[in-house]
Each structure stands twice: as structure tokens, then as C-alpha cells.
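S.K.: Handing over data37.csv, CSV, N, CA and C atoms and all ligand atoms.
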chain,number,residue,atom,x,y,z
A,12,MET,N,0.8,-1.2,0.0
A,12,MET,CA,0.0,0.0,0.0
A,12,MET,C,0.9,1.3,0.0
A,13,LYS,N,0.4,2.2,-0.7
A,13,LYS,CA,1.2,3.5,-0.8
A,13,LYS,C,0.6,4.6,0.1
A,14,ALA,N,1.5,5.4,0.6
A,14,ALA,CA,1.1,6.5,1.5
A,14,ALA,C,0.2,7.5,0.8
A,15,ILE,N,0.5,7.7,-0.5
A,15,ILE,CA,-0.3,8.7,-1.2
A,15,ILE,C,-1.7,8.3,-1.4
A,16,THR,N,-1.9,7.0,-1.6
A,16,THR,CA,-3.3,6.4,-1.8
A,16,THR,C,-4.1,6.6,-0.5
A,17,LEU,N,-3.4,6.3,0.6
A,17,LEU,CA,-4.0,6.4,1.9
A,17,LEU,C,-4.4,7.8,2.3
A,18,LEU,N,-3.5,8.7,2.0
A,18,LEU,CA,-3.9,10.1,2.4
A,18,LEU,C,-5.1,10.5,1.6
A,19,LYS,N,-5.2,10.1,0.4
A,19,LYS,CA,-6.3,10.4,-0.5
A,19,LYS,C,-7.6,9.8,0.1
A,20,LYS,N,-7.5,8.5,0.4
A,20,LYS,CA,-8.6,7.8,1.0
A,20,LYS,C,-9.1,8.4,2.3
A,21,TYR,N,-8.2,8.9,3.1
A,21,TYR,CA,-8.6,9.5,4.3
A,21,TYR,C,-8.8,11.0,4.2
A,22,GLN,N,-8.9,11.5,3.0
A,22,GLN,CA,-9.1,12.9,2.7
A,22,GLN,C,-8.2,13.8,3.5
A,23,LEU,N,-6.9,13.5,3.5
A,23,LEU,CA,-5.9,14.3,4.1
A,23,LEU,C,-5.1,15.0,3.0
A,24,ARG,N,-4.9,16.3,3.3
A,24,ARG,CA,-4.0,17.0,2.3
A,24,ARG,C,-2.6,16.4,2.3
A,25,LYS,N,-2.1,16.3,1.2
A,25,LYS,CA,-0.7,15.7,1.2
A,25,LYS,C,0.4,16.7,1.3
A,26,THR,N,1.2,16.5,2.2
A,26,THR,CA,2.4,17.3,2.4
A,26,THR,C,3.6,16.3,2.3
A,27,ALA,N,4.8,16.8,2.1
A,27,ALA,CA,5.9,16.0,2.0
A,27,ALA,C,6.2,15.2,3.2
A,28,HIS,N,6.0,15.9,4.4
A,28,HIS,CA,6.2,15.2,5.7
A,28,HIS,C,5.2,14.1,6.0
A,29,ARG,N,3.9,14.5,5.7
A,29,ARG,CA,2.9,13.5,6.0
A,29,ARG,C,3.1,12.2,5.1
A,30,LEU,N,3.5,12.4,3.9
A,30,LEU,CA,3.8,11.3,3.0
A,30,LEU,C,4.9,10.5,3.5
A,31,GLY,N,6.0,11.2,3.8
A,31,GLY,CA,7.2,10.5,4.3
A,31,GLY,C,7.0,9.7,5.5
A,32,ILE,N,6.3,10.3,6.5
A,32,ILE,CA,6.1,9.7,7.8
A,32,ILE,C,5.1,8.5,7.6
A,33,LEU,N,4.1,8.7,6.8
A,33,LEU,CA,3.1,7.6,6.6
A,33,LEU,C,3.8,6.4,5.9
A,34,GLN,N,4.6,6.7,4.9
A,34,GLN,CA,5.4,5.7,4.2
A,34,GLN,C,6.3,4.9,5.2
A,35,PHE,N,6.9,5.6,6.0
A,35,PHE,CA,7.8,5.0,7.0
A,35,PHE,C,7.0,4.0,7.9
A,36,PHE,N,5.8,4.4,8.3
A,36,PHE,CA,4.9,3.5,9.1
A,36,PHE,C,4.6,2.3,8.3
A,37,LEU,N,4.3,2.5,7.0
A,37,LEU,CA,3.9,1.4,6.1
A,37,LEU,C,5.1,0.4,5.9
A,38,ASP,N,6.3,0.9,5.8
A,38,ASP,CA,7.4,0.1,5.6
A,38,ASP,C,8.0,-0.6,6.8
A,39,GLU,N,7.7,0.0,8.0
A,39,GLU,CA,8.2,-0.5,9.2
A,39,GLU,C,7.2,-1.4,9.9
A,40,SER,N,7.5,-2.6,10.2
A,40,SER,CA,6.5,-3.4,10.9
A,40,SER,C,6.6,-3.2,12.4
A,41,LYS,N,7.7,-2.7,12.9
A,41,LYS,CA,7.8,-2.5,14.4
A,41,LYS,C,7.3,-1.1,14.8
A,42,PRO,N,6.8,-0.9,16.0
A,42,PRO,CA,6.4,0.4,16.4
A,42,PRO,C,7.5,1.4,16.4
A,43,ILE,N,7.1,2.7,16.2
A,43,ILE,CA,8.0,3.8,16.0
A,43,ILE,C,7.8,4.9,17.0
A,44,SER,N,8.9,5.3,17.6
A,44,SER,CA,8.8,6.4,18.6
A,44,SER,C,8.9,7.8,17.9
A,45,GLN,N,8.6,8.8,18.7
A,45,GLN,CA,8.7,10.1,18.1
A,45,GLN,C,10.2,10.4,17.9
A,46,ARG,N,11.1,9.9,18.7
A,46,ARG,CA,12.5,10.1,18.5
A,46,ARG,C,13.0,9.4,17.2
A,47,ASP,N,12.5,8.2,16.9
A,47,ASP,CA,12.8,7.5,15.6
A,47,ASP,C,12.4,8.4,14.5
A,48,LEU,N,11.3,9.1,14.6
A,48,LEU,CA,10.8,9.9,13.5
A,48,LEU,C,11.7,11.1,13.3
A,49,GLN,N,12.1,11.7,14.5
A,49,GLN,CA,13.0,12.8,14.5
A,49,GLN,C,14.3,12.5,13.8
A,50,SER,N,14.8,11.4,14.1
A,50,SER,CA,16.1,11.1,13.4
A,50,SER,C,16.0,10.7,12.0
A,51,LYS,N,14.8,10.2,11.6
A,51,LYS,CA,14.6,9.8,10.2
A,51,LYS,C,14.2,11.0,9.4
A,52,PHE,N,13.6,12.0,10.0
A,52,PHE,CA,13.2,13.2,9.3
A,52,PHE,C,13.7,14.4,10.0
A,53,PRO,N,15.1,14.6,9.9
A,53,PRO,CA,15.7,15.7,10.7
A,53,PRO,C,15.2,17.1,10.3
A,54,ASP,N,14.7,17.3,9.1
A,54,ASP,CA,14.2,18.6,8.7
A,54,ASP,C,12.8,18.9,9.1
A,55,CYS,N,12.2,17.9,9.8
A,55,CYS,CA,10.8,18.1,10.2
A,55,CYS,C,10.9,18.4,11.7
A,56,ASP,N,10.3,19.5,12.1
A,56,ASP,CA,10.4,19.9,13.6
A,56,ASP,C,9.5,19.1,14.4
A,57,ARG,N,9.8,19.1,15.7
A,57,ARG,CA,9.0,18.4,16.7
A,57,ARG,C,7.5,18.6,16.7
A,58,VAL,N,7.2,19.9,16.6
A,58,VAL,CA,5.7,20.2,16.6
A,58,VAL,C,5.0,19.6,15.4
A,59,THR,N,5.7,19.7,14.2
A,59,THR,CA,5.1,19.1,13.0
A,59,THR,C,4.9,17.6,13.2
A,60,ILE,N,5.9,16.9,13.7
A,60,ILE,CA,5.8,15.5,13.9
A,60,ILE,C,4.7,15.2,14.8
A,61,TYR,N,4.6,15.9,15.9
A,61,TYR,CA,3.6,15.7,16.9
A,61,TYR,C,2.2,15.9,16.3
A,62,ARG,N,2.0,16.9,15.5
A,62,ARG,CA,0.7,17.2,14.9
A,62,ARG,C,0.4,16.1,13.9
A,63,ILE,N,1.4,15.6,13.1
A,63,ILE,CA,1.1,14.6,12.2
A,63,ILE,C,0.7,13.3,12.9
A,64,LEU,N,1.4,13.0,14.0
A,64,LEU,CA,1.1,11.8,14.8
A,64,LEU,C,-0.4,11.9,15.3
A,65,ASN,N,-0.7,13.0,15.8
A,65,ASN,CA,-2.1,13.2,16.4
A,65,ASN,C,-3.1,13.1,15.3
A,66,LEU,N,-2.8,13.6,14.1
A,66,LEU,CA,-3.8,13.6,13.0
A,66,LEU,C,-4.0,12.1,12.6
A,67,PHE,N,-2.9,11.4,12.4
A,67,PHE,CA,-3.0,10.0,12.0
A,67,PHE,C,-3.7,9.2,13.0
A,68,GLN,N,-3.5,9.5,14.2
A,68,GLN,CA,-4.1,8.8,15.3
A,68,GLN,C,-5.6,9.0,15.3
A,69,GLU,N,-6.0,10.3,15.1
A,69,GLU,CA,-7.4,10.7,15.1
A,69,GLU,C,-8.1,10.0,13.9
A,70,LYS,N,-7.4,9.8,12.8
A,70,LYS,CA,-8.0,9.2,11.6
A,70,LYS,C,-8.0,7.7,11.7
A,71,GLY,N,-7.3,7.2,12.7
A,71,GLY,CA,-7.2,5.7,12.9
A,71,GLY,C,-6.1,5.0,12.0
A,72,LEU,N,-5.2,5.9,11.5
A,72,LEU,CA,-4.2,5.3,10.7
A,72,LEU,C,-3.1,4.6,11.5
A,73,ILE,N,-2.9,5.2,12.7
A,73,ILE,CA,-1.9,4.6,13.5
A,73,ILE,C,-2.5,4.5,14.9
A,74,TYR,N,-1.9,3.7,15.8
A,74,TYR,CA,-2.3,3.7,17.2
A,74,TYR,C,-1.1,3.8,18.1
A,75,ARG,N,-1.4,4.1,19.3
A,75,ARG,CA,-0.3,4.5,20.3
A,75,ARG,C,-0.2,3.4,21.3
A,76,ILE,N,1.0,3.0,21.7
A,76,ILE,CA,1.2,2.1,22.8
A,76,ILE,C,2.3,2.6,23.7
A,77,VAL,N,2.2,2.2,24.9
A,77,VAL,CA,3.3,2.5,25.8
A,77,VAL,C,4.2,1.2,25.8
A,78,ASP,N,5.3,1.3,25.3
A,78,ASP,CA,6.1,0.1,25.1
A,78,ASP,C,6.8,-0.4,26.5
A,79,THR,N,7.4,-1.5,26.5
A,79,THR,CA,7.9,-2.1,27.7
A,79,THR,C,9.0,-1.2,28.3
A,80,ASP,N,9.7,-0.4,27.5
A,80,ASP,CA,10.7,0.5,28.1
A,80,ASP,C,10.1,1.8,28.5
A,81,LYS,N,8.7,1.9,28.5
A,81,LYS,CA,7.9,3.0,28.9
A,81,LYS,C,7.9,4.1,27.9
A,82,VAL,N,8.5,3.8,26.7
A,82,VAL,CA,8.5,4.8,25.6
A,82,VAL,C,7.2,4.7,24.8
A,83,VAL,N,6.6,5.8,24.5
A,83,VAL,CA,5.4,5.8,23.7
A,83,VAL,C,5.8,5.6,22.2
A,84,ARG,N,5.2,4.6,21.6
A,84,ARG,CA,5.5,4.3,20.2
A,84,ARG,C,4.1,4.2,19.5
A,85,TYR,N,4.3,4.3,18.2
A,85,TYR,CA,3.1,4.2,17.3
A,85,TYR,C,3.3,3.2,16.2
A,86,ALA,N,2.2,2.6,15.9
A,86,ALA,CA,2.3,1.5,14.8
A,86,ALA,C,1.1,1.8,13.8
A,87,PHE,N,1.4,1.3,12.6
A,87,PHE,CA,0.4,1.5,11.6
A,87,PHE,C,-0.8,0.5,11.8
A,88,SER,N,-2.0,1.0,11.6
A,88,SER,CA,-3.2,0.3,11.8
A,88,SER,C,-3.8,0.0,10.4
A,89,LYS,N,-4.0,-1.3,10.1
A,89,LYS,CA,-4.6,-1.6,8.8
A,89,LYS,C,-5.9,-0.8,8.6
A,90,PRO,N,-6.1,-0.2,7.4
A,90,PRO,CA,-7.3,0.6,7.2
A,90,PRO,C,-8.6,-0.3,7.4
A,91,GLN,N,-9.5,0.3,8.1
A,91,GLN,CA,-10.8,-0.4,8.4
A,91,GLN,C,-11.9,0.4,7.7
A,92,LYS,N,-13.1,-0.2,7.7
A,92,LYS,CA,-14.2,0.5,7.1
A,92,LYS,C,-14.5,1.8,7.8
A,93,GLU,N,-14.5,1.7,9.1
A,93,GLU,CA,-14.8,2.9,9.9
A,93,GLU,C,-13.6,3.2,10.8
A,94,ILE,N,-13.6,4.4,11.3
A,94,ILE,CA,-12.4,4.8,12.2
A,94,ILE,C,-12.3,3.8,13.3
A,95,HIS,N,-11.1,3.3,13.4
A,95,HIS,CA,-10.9,2.1,14.3
A,95,HIS,C,-10.2,2.6,15.6
A,96,HIS,N,-10.8,2.3,16.7
A,96,HIS,CA,-10.1,2.7,17.9
A,96,HIS,C,-9.4,1.5,18.5
A,97,HIS,N,-8.5,1.7,19.3
A,97,HIS,CA,-7.7,0.6,19.8
A,97,HIS,C,-7.9,0.4,21.3
A,98,GLU,N,-9.1,0.3,21.7
A,98,GLU,CA,-9.5,0.0,23.1
A,98,GLU,C,-9.5,-1.6,23.3
A,99,HIS,N,-8.4,-2.1,22.8
A,99,HIS,CA,-8.3,-3.6,23.0
A,99,HIS,C,-6.8,-3.9,23.4
A,100,ILE,N,-6.6,-5.2,23.6
A,100,ILE,CA,-5.2,-5.5,24.1
A,100,ILE,C,-4.3,-5.6,22.9
A,101,HIS,N,-3.1,-5.1,23.1
A,101,HIS,CA,-2.0,-5.2,22.2
A,101,HIS,C,-1.0,-6.2,22.7
A,102,PHE,N,-0.5,-7.0,21.7
A,102,PHE,CA,0.4,-8.1,22.1
A,102,PHE,C,1.7,-7.8,21.5
A,103,LYS,N,2.7,-7.8,22.3
A,103,LYS,CA,4.1,-7.6,21.8
A,103,LYS,C,4.9,-8.9,21.9
A,104,CYS,N,5.4,-9.3,20.7
A,104,CYS,CA,6.2,-10.5,20.6
A,104,CYS,C,7.6,-10.1,21.1
A,105,GLU,N,8.1,-10.8,22.1
A,105,GLU,CA,9.5,-10.5,22.6
A,105,GLU,C,10.5,-11.1,21.7
A,106,ASP,N,10.1,-12.0,20.7
A,106,ASP,CA,11.1,-12.5,19.8
A,106,ASP,C,11.3,-11.7,18.6
A,107,CYS,N,10.3,-11.3,17.9
A,107,CYS,CA,10.4,-10.5,16.7
A,107,CYS,C,10.1,-9.0,16.9
A,108,GLY,N,9.6,-8.7,18.0
A,108,GLY,CA,9.3,-7.2,18.3
A,108,GLY,C,8.0,-6.7,17.7
A,109,ASN,N,7.3,-7.5,17.0
A,109,ASN,CA,6.1,-7.0,16.3
A,109,ASN,C,5.0,-6.9,17.3
A,110,ILE,N,4.1,-5.9,17.1
A,110,ILE,CA,2.9,-5.7,17.9
A,110,ILE,C,1.7,-6.0,17.1
A,111,SER,N,0.8,-6.8,17.7
A,111,SER,CA,-0.5,-7.1,17.0
A,111,SER,C,-1.6,-6.6,17.8
A,112,CYS,N,-2.7,-6.3,17.2
A,112,CYS,CA,-4.0,-5.9,17.8
A,112,CYS,C,-4.8,-7.2,18.1
A,113,LEU,N,-5.1,-7.4,19.3
A,113,LEU,CA,-6.0,-8.5,19.7
A,113,LEU,C,-7.4,-7.9,19.8
A,114,THR,N,-8.0,-7.7,18.6
A,114,THR,CA,-9.2,-6.9,18.6
A,114,THR,C,-10.4,-7.6,19.3
A,115,ASP,N,-10.4,-8.9,19.6
A,115,ASP,CA,-11.5,-9.5,20.2
A,115,ASP,C,-11.5,-9.3,21.7
A,116,ILE,N,-10.4,-8.9,22.3
A,116,ILE,CA,-10.3,-8.6,23.7
A,116,ILE,C,-10.4,-7.1,23.9
A,117,THR,N,-11.5,-6.6,24.1
A,117,THR,CA,-11.7,-5.2,24.1
A,117,THR,C,-12.0,-4.7,25.6
A,118,ALA,N,-11.9,-3.4,25.7
A,118,ALA,CA,-12.1,-2.8,27.0
A,118,ALA,C,-13.5,-3.1,27.5
A,119,GLU,N,-14.5,-3.2,26.6
A,119,GLU,CA,-15.8,-3.5,27.0
A,119,GLU,C,-16.0,-4.8,27.8
A,120,ASN,N,-15.0,-5.7,27.5
A,120,ASN,CA,-15.1,-7.0,28.1
A,120,ASN,C,-14.4,-7.0,29.5
A,121,PHE,N,-13.7,-6.0,29.8
A,121,PHE,CA,-13.0,-5.9,31.1
A,121,PHE,C,-14.0,-5.9,32.2
A,122,PRO,N,-13.8,-6.8,33.2
A,122,PRO,CA,-14.8,-6.8,34.3
A,122,PRO,C,-14.5,-5.7,35.3
A,123,LEU,N,-14.8,-4.5,34.9
A,123,LEU,CA,-14.6,-3.4,35.8
A,123,LEU,C,-15.7,-3.3,36.9
A,124,PRO,N,-15.3,-3.0,38.1
A,124,PRO,CA,-16.4,-2.8,39.1
A,124,PRO,C,-17.4,-1.7,38.7
A,125,GLU,N,-18.6,-1.8,39.3
A,125,GLU,CA,-19.6,-0.8,39.0
A,125,GLU,C,-19.1,0.6,39.4
A,126,GLY,N,-19.5,1.5,38.6
A,126,GLY,CA,-19.2,2.9,38.9
A,126,GLY,C,-17.9,3.4,38.2
A,127,TYR,N,-17.1,2.5,37.5
A,127,TYR,CA,-15.9,2.9,36.9
A,127,TYR,C,-16.2,3.0,35.4
A,128,THR,N,-15.6,4.0,34.8
A,128,THR,CA,-15.7,4.1,33.3
A,128,THR,C,-14.2,4.2,32.7
A,129,ILE,N,-14.1,3.6,31.5
A,129,ILE,CA,-12.8,3.6,30.9
A,129,ILE,C,-12.7,4.8,29.9
A,130,ARG,N,-11.6,5.5,30.0
A,130,ARG,CA,-11.3,6.5,29.0
A,130,ARG,C,-10.2,6.2,28.1
A,131,ASN,N,-9.2,5.4,28.6
A,131,ASN,CA,-8.1,5.1,27.8
A,131,ASN,C,-7.6,3.7,28.2
A,132,VAL,N,-7.2,3.0,27.2
A,132,VAL,CA,-6.7,1.6,27.6
A,132,VAL,C,-5.3,1.5,27.1
A,133,ASN,N,-4.5,1.0,28.0
A,133,ASN,CA,-3.1,0.9,27.8
A,133,ASN,C,-2.6,-0.4,28.2
A,134,PHE,N,-2.9,-1.4,27.4
A,134,PHE,CA,-2.7,-2.8,27.8
A,134,PHE,C,-1.8,-3.5,26.8
A,135,LEU,N,-0.6,-3.8,27.3
A,135,LEU,CA,0.3,-4.5,26.4
A,135,LEU,C,0.7,-5.9,27.0
A,136,VAL,N,0.4,-6.9,26.3
A,136,VAL,CA,0.7,-8.3,26.7
A,136,VAL,C,1.9,-8.7,26.0
A,137,LEU,N,2.8,-9.3,26.8
A,137,LEU,CA,4.1,-9.8,26.2
A,137,LEU,C,4.1,-11.3,26.0
A,138,GLY,N,4.9,-11.7,25.0
A,138,GLY,CA,5.0,-13.2,24.9
A,138,GLY,C,5.6,-13.5,23.5
A,139,THR,N,5.2,-14.6,23.0
A,139,THR,CA,5.7,-15.0,21.7
A,139,THR,C,4.5,-15.1,20.7
A,140,CYS,N,4.7,-14.5,19.5
A,140,CYS,CA,3.6,-14.5,18.6
A,140,CYS,C,3.4,-15.8,17.9
A,141,LYS,N,2.3,-15.9,17.1
A,141,LYS,CA,2.0,-17.1,16.4
A,141,LYS,C,3.1,-17.5,15.5
A,142,LYS,N,3.6,-16.5,14.7
A,142,LYS,CA,4.6,-16.8,13.7
A,142,LYS,C,5.9,-17.4,14.4
A,143,CYS,N,6.3,-16.7,15.5
A,143,CYS,CA,7.5,-17.2,16.1
A,143,CYS,C,7.3,-18.5,16.8
A,144,ASN,N,6.1,-18.8,17.1
A,144,ASN,CA,5.8,-20.1,17.8
A,144,ASN,C,5.8,-21.3,16.9
A,145,GLN,N,5.8,-21.0,15.6
A,145,GLN,CA,5.7,-22.1,14.6
A,145,GLN,C,7.1,-22.7,14.3
A,201,ZN,ZN,7.1,-12.9,16.9
A,202,ZN,ZN,-4.9,-2.1,18.1
Show how you would write the structure in this file as C-alpha cells.
M.R.:
Amino acid sequence: MKAITLLKKYQLRKTAHRLGILQFFLDESKPISQRDLQSKFPDCDRVTIYRILNLFQEKGLIYRIVDTDKVVRYAFSKPQKEIHHHEHIHFKCEDCGNISCLTDITAENFPLPEGYTIRNVNFLVLGTCKKCNQ
């Protein structure tokens, strides 16, 4: 998939940085931190990167996780029919480093006590993925 096609599909104006960053997400299977982006795109300032990440997140193009080293990273989210939120468990494979969405295990299924509401889910499960287990 090409970044330019996706920007069009999501009705986002195309700028060189948006294209570059989105393509980087598409090419990279591992989650990317703001610092990775900064070193990959040295001519793009922090605020621009931050805005692009926010925009992509809002559109459901990428999702945010807090990684095991406590660093916030982002990963590309396969396009869905509707804007896709990531209120489910994410699984990080400790062998290959890939992160997958376990979409069937959602926040709605969490047995929260009465009177509690969820605003944000930050759930990362560690282990070995299907591919690495084979
Ligand atoms: Zn793996
Ligand atoms: Zn997800």
C-alpha cells in the first residue's frame, strides 16, 4: 500500500512530511517512537511530527502504545471501514518485536467494578507471537 493512496482515501491534504512519515509507518513493521521519526526526518520539527502523529491517530491510521521501556510508540493500523479505535489488548512479541492488535479482547469485556468508566486503555501483553511459535 502506498502512503499517497491512503492520504487520499482519508481525505488528508498531502504534504511531503505526511507522505514521508506515513510511508515510514507502512514500511516498518515495528512500532516507531517520536524520536525515531525525529532522526529519520531531521528537517521536520518536533511540533510538526507531533501534529502529524495526532492527526494520523485521530484518523485511525496509527495507534499508540506505551512500550515495555515506557516509551510511547506508534504503529500502523490496517485501514478499516470505519475509524478504528484501539481499546483492546495489544500483544508484543518478545522474539520479533512486532505488535499485534487482539481486537477480540476489548475494554468492554474488562470486568470493571460498577461505577468505573474507561477513558483510555493501555494494555500490552508480552509473549511469543503465532509466527515465532511455529
Ligand atoms: Zn514474533
Ligand atoms: Zn490495536
S.K.: Counting all atoms listed in the file, what is within 7 Å of region 61-67 of chain A, bar same-chain residues fewer than 6 positions away, as a list in words?
M.R.: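 The neighbour list is Arg29, Ile73 and Tyr74 of chain A.
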S.K.: Could you give me the residues within 6.5 Å of ligand ZN 201 (chain A), counting only N, CA and C atoms and all ligand atoms, as a list in words?
M.R.: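 Checked against 6.5 Å with only N, CA and C atoms and all ligand atoms; the hits are Cys104, Glu105, Asp106, Cys107, Gly108, Asn109, Thr139, Cys140, Lys141, Lys142, Cys143 and Asn144 of chain A.
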S.K.: For chain A versus ligand ZN 202 (chain A), which residues have an atom no more than 6 Å away, and what is each residue's nearest atom pair and distance in Å rounded to one decimal, using only C-alpha atoms and all ligand atoms, chain-then-number order, as CSV?
M.R.:
residue,atom,partner,partner_atom,distance
A:His97,CA,A:ZN202,ZN,4.2
A:His101,CA,A:ZN202,ZN,5.9
A:Cys112,CA,A:ZN202,ZN,3.9
S.K.: Next, write the just-selected residues to a file, as a PDB file, in the frame of the given file, keeping N, CA and C atoms as the atom set.
M.R.:
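As a result, result.pdb now contains:
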ATOM      1  N   HIS A  97      -8.500   1.700  19.300  1.00  0.00           N
ATOM      2  CA  HIS A  97      -7.700   0.600  19.800  1.00  0.00           C
ATOM      3  C   HIS A  97      -7.900   0.400  21.300  1.00  0.00           C
ATOM      4  N   HIS A 101      -3.100  -5.100  23.100  1.00  0.00           N
ATOM      5  CA  HIS A 101      -2.000  -5.200  22.200  1.00  0.00           C
ATOM      6  C   HIS A 101      -1.000  -6.200  22.700  1.00  0.00           C
ATOM      7  N   CYS A 112      -2.700  -6.300  17.200  1.00  0.00           N
ATOM      8  CA  CYS A 112      -4.000  -5.900  17.800  1.00  0.00           C
ATOM      9  C   CYS A 112      -4.800  -7.200  18.100  1.00  0.00           C
TER      10      CYS A 112
END
S.K.: Counting all atoms listed in the file, figure out which residue out of A:Arg130, A:Ala14, A:Ile100, A:Leu72 gets nearest to Ala86 (chain A).
M.R.: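 Once distances to Ala86 (chain A) are computed over all atoms listed in the file, the minimum belongs to A:Leu72.
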S.K.: Excluding Lys103 (chain A) and its own-chain neighbours fewer than 3 positions away, which residues fall within 7 Å of it when counting only C-alpha atoms? Please give them as a CSV table (one decimal) with N, CA and C atoms, keeping the file's coordinate frame.
M.R.:
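Once everything was written out, this is out_29.csv:
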chain,number,residue,atom,x,y,z
A,108,GLY,N,9.6,-8.7,18.0
A,108,GLY,CA,9.3,-7.2,18.3
A,108,GLY,C,8.0,-6.7,17.7
A,109,ASN,N,7.3,-7.5,17.0
A,109,ASN,CA,6.1,-7.0,16.3
A,109,ASN,C,5.0,-6.9,17.3
A,110,ILE,N,4.1,-5.9,17.1
A,110,ILE,CA,2.9,-5.7,17.9
A,110,ILE,C,1.7,-6.0,17.1
A,111,SER,N,0.8,-6.8,17.7
A,111,SER,CA,-0.5,-7.1,17.0
A,111,SER,C,-1.6,-6.6,17.8
A,135,LEU,N,-0.6,-3.8,27.3
A,135,LEU,CA,0.3,-4.5,26.4
A,135,LEU,C,0.7,-5.9,27.0
A,136,VAL,N,0.4,-6.9,26.3
A,136,VAL,CA,0.7,-8.3,26.7
A,136,VAL,C,1.9,-8.7,26.0
A,137,LEU,N,2.8,-9.3,26.8
A,137,LEU,CA,4.1,-9.8,26.2
A,137,LEU,C,4.1,-11.3,26.0
A,138,GLY,N,4.9,-11.7,25.0
A,138,GLY,CA,5.0,-13.2,24.9
A,138,GLY,C,5.6,-13.5,23.5
S.K.: Just give me the gap between atom C of Phe36 (chain A) and atom N of Phe87 (chain A) in Å, one decimal is fine.
M.R.: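 Taking atom C of Phe36 (chain A) and atom N of Phe87 (chain A), their separation equals 5.5 Å.
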S.K.: Just want the 6 Å neighbourhood of Ser44 (chain A), counted on only N, CA and C atoms, with same-chain residues fewer than 4 positions away dropped. Output as a list in words.
M.R.: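 Counting only the stated atoms, we get Leu48, Val83, Arg84 and Tyr85 of chain A.
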S.K.: Looking only at the backbone, which of the residues in chain A does DSSP tag as helix (DSSP H, G or I), as number ranges by chain?
M.R.: A: 14-20, 27-38, 45-51, 57-69, 118-120, 141-144
S.K.: To one decimal place in Å, what is the distance between atom C of Ile15 (chain A) and atom N of Ile76 (chain A)?
M.R.: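 Straight-line distance from atom C of Ile15 (chain A) to atom N of Ile76 (chain A) works out to 23.9 Å.
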S.K.: With DSSP run on the backbone, what are the strand (DSSP E or B) residues within chain A? I'd like them as a PyMOL selection string.
M.R.: chain A and resi 43-44+73-77+83-87+99-104+110-117+135-138
S.K.: Write the residues you've just listed into a file as a short mmCIF file (atom, residue, chain, number, x, y, z; two decimals), in the coordinates of the input, and include N, CA and C atoms for each of them.
M.R.:
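The file below, again-v9.cif, is the result:
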data_model
loop_
_atom_site.label_atom_id
_atom_site.label_comp_id
_atom_site.auth_asym_id
_atom_site.auth_seq_id
_atom_site.Cartn_x
_atom_site.Cartn_y
_atom_site.Cartn_z
N ILE A 43 7.10 2.70 16.20
CA ILE A 43 8.00 3.80 16.00
C ILE A 43 7.80 4.90 17.00
N SER A 44 8.90 5.30 17.60
CA SER A 44 8.80 6.40 18.60
C SER A 44 8.90 7.80 17.90
N ILE A 73 -2.90 5.20 12.70
CA ILE A 73 -1.90 4.60 13.50
C ILE A 73 -2.50 4.50 14.90
N TYR A 74 -1.90 3.70 15.80
CA TYR A 74 -2.30 3.70 17.20
C TYR A 74 -1.10 3.80 18.10
N ARG A 75 -1.40 4.10 19.30
CA ARG A 75 -0.30 4.50 20.30
C ARG A 75 -0.20 3.40 21.30
N ILE A 76 1.00 3.00 21.70
CA ILE A 76 1.20 2.10 22.80
C ILE A 76 2.30 2.60 23.70
N VAL A 77 2.20 2.20 24.90
CA VAL A 77 3.30 2.50 25.80
C VAL A 77 4.20 1.20 25.80
N VAL A 83 6.60 5.80 24.50
CA VAL A 83 5.40 5.80 23.70
C VAL A 83 5.80 5.60 22.20
N ARG A 84 5.20 4.60 21.60
CA ARG A 84 5.50 4.30 20.20
C ARG A 84 4.10 4.20 19.50
N TYR A 85 4.30 4.30 18.20
CA TYR A 85 3.10 4.20 17.30
C TYR A 85 3.30 3.20 16.20
N ALA A 86 2.20 2.60 15.90
CA ALA A 86 2.30 1.50 14.80
C ALA A 86 1.10 1.80 13.80
N PHE A 87 1.40 1.30 12.60
CA PHE A 87 0.40 1.50 11.60
C PHE A 87 -0.80 0.50 11.80
N HIS A 99 -8.40 -2.10 22.80
CA HIS A 99 -8.30 -3.60 23.00
C HIS A 99 -6.80 -3.90 23.40
N ILE A 100 -6.60 -5.20 23.60
CA ILE A 100 -5.20 -5.50 24.10
C ILE A 100 -4.30 -5.60 22.90
N HIS A 101 -3.10 -5.10 23.10
CA HIS A 101 -2.00 -5.20 22.20
C HIS A 101 -1.00 -6.20 22.70
N PHE A 102 -0.50 -7.00 21.70
CA PHE A 102 0.40 -8.10 22.10
C PHE A 102 1.70 -7.80 21.50
N LYS A 103 2.70 -7.80 22.30
CA LYS A 103 4.10 -7.60 21.80
C LYS A 103 4.90 -8.90 21.90
N CYS A 104 5.40 -9.30 20.70
CA CYS A 104 6.20 -10.50 20.60
C CYS A 104 7.60 -10.10 21.10
N ILE A 110 4.10 -5.90 17.10
CA ILE A 110 2.90 -5.70 17.90
C ILE A 110 1.70 -6.00 17.10
N SER A 111 0.80 -6.80 17.70
CA SER A 111 -0.50 -7.10 17.00
C SER A 111 -1.60 -6.60 17.80
N CYS A 112 -2.70 -6.30 17.20
CA CYS A 112 -4.00 -5.90 17.80
C CYS A 112 -4.80 -7.20 18.10
N LEU A 113 -5.10 -7.40 19.30
CA LEU A 113 -6.00 -8.50 19.70
C LEU A 113 -7.40 -7.90 19.80
N THR A 114 -8.00 -7.70 18.60
CA THR A 114 -9.20 -6.90 18.60
C THR A 114 -10.40 -7.60 19.30
N ASP A 115 -10.40 -8.90 19.60
CA ASP A 115 -11.50 -9.50 20.20
C ASP A 115 -11.50 -9.30 21.70
N ILE A 116 -10.40 -8.90 22.30
CA ILE A 116 -10.30 -8.60 23.70
C ILE A 116 -10.40 -7.10 23.90
N THR A 117 -11.50 -6.60 24.10
CA THR A 117 -11.70 -5.20 24.10
C THR A 117 -12.00 -4.70 25.60
N LEU A 135 -0.60 -3.80 27.30
CA LEU A 135 0.30 -4.50 26.40
C LEU A 135 0.70 -5.90 27.00
N VAL A 136 0.40 -6.90 26.30
CA VAL A 136 0.70 -8.30 26.70
C VAL A 136 1.90 -8.70 26.00
N LEU A 137 2.80 -9.30 26.80
CA LEU A 137 4.10 -9.80 26.20
C LEU A 137 4.10 -11.30 26.00
N GLY A 138 4.90 -11.70 25.00
CA GLY A 138 5.00 -13.20 24.90
C GLY A 138 5.60 -13.50 23.50
#
S.K.: Env of Met12 (chain A): 8 Å cut, atoms = all atoms listed in the file, seq-sep filter 4 positions within chain, self excluded. Answer as a ChimeraX atom specification.
M.R.: /A:16-17,34,37-38
S.K.: Just how far from atom N of Thr128 (chain A) is atom C of Lys89 (chain A), in Å to one decimal?
M.R.: 28.3 Å
S.K.: Restricting the calculation to only C-alpha atoms: of A:Asn131, A:Gln145, A:Thr59, A:Ser88, which residue gets closest to Glu39 (chain A)?
M.R.: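 Once distances to Glu39 (chain A) are computed over only C-alpha atoms, the minimum belongs to A:Ser88.
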S.K.: Identify, on the basis of only C-alpha atoms, every residue whose closest approach to Cys55 (chain A) does not exceed 10 Å; exclude the query and any residue fewer than 6 positions from it along the same chain; express the result as number ranges by chain.
M.R.: A: 27-28, 32, 48-49
